[in-house]
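Reproduced below: final_13.cif, with mmCIF, C-alpha atoms; chains and numbers go by the auth columns.
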```cif
data_protein
#
loop_
_atom_site.group_PDB
_atom_site.id
_atom_site.type_symbol
_atom_site.label_atom_id
_atom_site.label_comp_id
_atom_site.label_asym_id
_atom_site.label_seq_id
_atom_site.Cartn_x
_atom_site.Cartn_y
_atom_site.Cartn_z
_atom_site.B_iso_or_equiv
_atom_site.auth_seq_id
_atom_site.auth_asym_id
ATOM 1 C CA MET A 1 81.330 -42.086 -9.931 0.00 27 A
ATOM 2 C CA LEU A 2 77.985 -42.301 -8.128 0.00 28 A
ATOM 3 C CA GLY A 3 78.080 -38.568 -7.545 0.00 29 A
ATOM 4 C CA ALA A 4 78.483 -37.959 -11.267 0.00 30 A
ATOM 5 C CA LEU A 5 75.580 -40.303 -12.043 0.00 31 A
ATOM 6 C CA LEU A 6 73.347 -38.555 -9.528 0.00 32 A
ATOM 7 C CA LYS A 7 74.290 -35.163 -10.931 0.00 33 A
ATOM 8 C CA ALA A 8 73.495 -36.393 -14.461 0.00 34 A
ATOM 9 C CA ALA A 9 70.117 -37.714 -13.285 0.00 35 A
ATOM 10 C CA LYS A 10 69.261 -34.391 -11.655 0.00 36 A
ATOM 11 C CA THR A 11 70.344 -32.494 -14.767 0.00 37 A
ATOM 12 C CA LEU A 12 68.183 -34.763 -16.924 0.00 38 A
ATOM 13 C CA ASP A 13 65.202 -34.239 -14.652 0.00 39 A
ATOM 14 C CA ILE A 14 65.595 -30.448 -14.681 0.00 40 A
ATOM 15 C CA ARG A 15 65.953 -30.367 -18.481 0.00 41 A
ATOM 16 C CA THR A 16 62.956 -32.606 -19.098 0.00 42 A
ATOM 17 C CA ARG A 17 60.889 -30.685 -16.530 0.00 43 A
ATOM 18 C CA LYS A 18 61.494 -27.482 -18.497 0.00 44 A
ATOM 19 C CA GLU A 19 60.583 -29.223 -21.751 0.00 45 A
ATOM 20 C CA ARG A 20 57.414 -30.706 -20.262 0.00 46 A
ATOM 21 C CA LYS A 21 56.415 -27.358 -18.678 0.00 47 A
ATOM 22 C CA ALA A 22 56.675 -25.682 -22.063 0.00 48 A
ATOM 23 C CA LYS A 23 54.066 -28.138 -23.393 0.00 49 A
ATOM 24 C CA ASN A 24 51.860 -28.495 -20.287 0.00 50 A
ATOM 25 C CA LYS A 25 51.781 -25.619 -17.806 0.00 51 A
ATOM 26 C CA GLY A 26 50.798 -27.748 -14.769 0.00 52 A
ATOM 27 C CA VAL A 27 53.741 -30.152 -14.976 0.00 53 A
ATOM 28 C CA ARG A 28 55.897 -30.295 -11.850 0.00 54 A
ATOM 29 C CA ASN A 29 58.380 -33.092 -12.598 0.00 55 A
ATOM 30 C CA GLY A 30 60.804 -34.176 -15.244 0.00 56 A
ATOM 31 C CA VAL A 31 61.126 -37.679 -16.631 0.00 57 A
ATOM 32 C CA LEU A 32 62.460 -39.082 -13.329 0.00 58 A
ATOM 33 C CA GLY A 33 60.595 -36.892 -10.878 0.00 59 A
ATOM 34 C CA GLU A 34 61.441 -35.801 -7.360 0.00 60 A
ATOM 35 C CA ILE A 35 60.692 -39.252 -5.977 0.00 61 A
ATOM 36 C CA GLY A 36 62.790 -40.914 -8.670 0.00 62 A
ATOM 37 C CA ILE A 37 65.784 -38.806 -7.669 0.00 63 A
ATOM 38 C CA ALA A 38 65.203 -39.612 -3.974 0.00 64 A
ATOM 39 C CA VAL A 39 64.989 -43.338 -4.784 0.00 65 A
ATOM 40 C CA LEU A 40 68.204 -43.122 -6.784 0.00 66 A
ATOM 41 C CA GLU A 41 69.945 -41.468 -3.810 0.00 67 A
ATOM 42 C CA VAL A 42 68.781 -44.283 -1.520 0.00 68 A
ATOM 43 C CA LEU A 43 69.956 -46.922 -3.994 0.00 69 A
ATOM 44 C CA PHE A 44 73.371 -45.256 -4.197 0.00 70 A
ATOM 45 C CA ASP A 45 73.559 -45.319 -0.385 0.00 71 A
ATOM 46 C CA LEU A 46 72.653 -49.026 -0.260 0.00 72 A
ATOM 47 C CA VAL A 47 74.839 -50.424 -3.043 0.00 73 A
ATOM 48 C CA ASP A 48 77.806 -52.523 -1.950 0.00 74 A
ATOM 49 C CA LEU A 49 80.535 -51.064 -4.134 0.00 75 A
ATOM 50 C CA ALA A 50 82.903 -53.969 -3.440 0.00 76 A
ATOM 51 C CA THR A 51 80.524 -56.617 -4.802 0.00 77 A
ATOM 52 C CA GLY A 52 78.071 -54.563 -6.834 0.00 78 A
ATOM 53 C CA ARG A 53 75.148 -56.096 -4.945 0.00 79 A
ATOM 54 C CA LEU A 54 71.989 -54.057 -4.625 0.00 80 A
ATOM 55 C CA GLU A 55 68.944 -56.022 -3.554 0.00 81 A
ATOM 56 C CA PRO A 56 66.799 -53.894 -1.221 0.00 82 A
ATOM 57 C CA ALA A 57 63.087 -54.506 -0.893 0.00 83 A
ATOM 58 C CA VAL A 58 60.813 -51.799 -2.225 0.00 84 A
ATOM 59 C CA SER A 59 59.530 -51.294 1.322 0.00 85 A
ATOM 60 C CA THR A 60 63.106 -50.662 2.515 0.00 86 A
ATOM 61 C CA ILE A 61 63.636 -48.058 -0.185 0.00 87 A
ATOM 62 C CA ALA A 62 60.267 -46.463 0.627 0.00 88 A
ATOM 63 C CA GLU A 63 61.084 -46.237 4.326 0.00 89 A
ATOM 64 C CA ARG A 64 64.506 -44.693 3.736 0.00 90 A
ATOM 65 C CA ALA A 65 63.273 -42.268 1.065 0.00 91 A
ATOM 66 C CA GLY A 66 60.214 -41.251 3.086 0.00 92 A
ATOM 67 C CA TYR A 67 57.650 -42.062 0.385 0.00 93 A
ATOM 68 C CA SER A 68 54.896 -44.624 0.012 0.00 94 A
ATOM 69 C CA TYR A 69 55.453 -48.098 -1.409 0.00 95 A
ATOM 70 C CA SER A 70 53.428 -47.289 -4.535 0.00 96 A
ATOM 71 C CA ALA A 71 55.234 -43.992 -5.142 0.00 97 A
ATOM 72 C CA VAL A 72 58.601 -45.762 -4.906 0.00 98 A
ATOM 73 C CA HIS A 73 57.392 -48.609 -7.122 0.00 99 A
ATOM 74 C CA ASN A 74 56.315 -46.090 -9.784 0.00 100 A
ATOM 75 C CA ALA A 75 59.641 -44.253 -9.473 0.00 101 A
ATOM 76 C CA LEU A 76 61.537 -47.526 -9.934 0.00 102 A
ATOM 77 C CA ASP A 77 59.500 -48.175 -13.094 0.00 103 A
ATOM 78 C CA ARG A 78 60.460 -44.716 -14.425 0.00 104 A
ATOM 79 C CA LEU A 79 64.128 -45.271 -13.581 0.00 105 A
ATOM 80 C CA ARG A 80 64.095 -48.715 -15.194 0.00 106 A
ATOM 81 C CA ALA A 81 62.380 -47.418 -18.339 0.00 107 A
ATOM 82 C CA ARG A 82 64.853 -44.562 -18.642 0.00 108 A
ATOM 83 C CA SER A 83 67.854 -46.866 -18.182 0.00 109 A
ATOM 84 C CA GLU A 84 66.578 -49.186 -20.911 0.00 110 A
ATOM 85 C CA SER A 85 66.214 -46.289 -23.365 0.00 111 A
ATOM 86 C CA CYS A 86 69.862 -45.214 -22.921 0.00 112 A
#
```

Can the structure from this file be put into structure tokens for me?
Amino acid sequence: MLGALLKAAKTLDIRTRKERKAKNKGVRNGVLGEIGIAVLEVLFDLVDLATGRLEPAVSTIAERAGYSYSAVHNALDRLRARSESC
């Protein structure tokens, strides 16, 4: 199931990247962005599937994803906003 969710997220990002590029030539990311996808992968690795618990610190996610705290925080905001609009 997590694999299907990750694939859907990547597909969404690719589609929205193309849409955004058509409007603004300098755009490099879709609605989730490269960092958002990396953060999602880390979250999927950390979730306890037996209990559903997922409570990592932002600094833990940042360390595992290889991005700065602020970049991960912004990516989490994008992921949260996108999940609320679904």

Check: So which residues touch Arg46 (chain A) within 9 Å, counting all atoms listed in the file, skipping near sequence neighbours fewer than 4 positions away, as a PyMOL selection string?
Finding: chain A and resi 41-42+50-51+53-57

Of A:Gly62, A:Gly78, A:Leu69, A:Lys36, the one sitting nearest His99 (chain A) when using all atoms listed in the file is A:Gly62

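Distances here use only C-alpha atoms; by that measure, the residue among A:Lys44, A:Ala88, A:Leu66, A:Lys49 closest to Leu28 (chain A) is A:Leu66.
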
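Pairwise distance (CA of Leu58 (chain A), CA of Ala76 (chain A)) equals 27.2 Å.
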
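Summary of the local environment: counting only C-alpha atoms, residues at most 10 Å from Ala64 (chain A), other than itself and those fewer than 6 positions away along its chain, are Leu32, Leu58, Phe70, Ile87, Ala88, Arg90, Ala91, Gly92, Tyr93, Val98 and Ala101 of chain A.
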
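Counting all atoms listed in the file, the residue from A:Leu38, A:Ile61, A:Met27, A:Gly52 that sits nearest to Asp103 (chain A) is A:Ile61.
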
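Of the residues listed (A:Glu110, A:Asp74, A:Pro82, A:Glu67), A:Glu67 shows the shortest atom-to-atom separation from Ala30 (chain A); distances use only C-alpha atoms.
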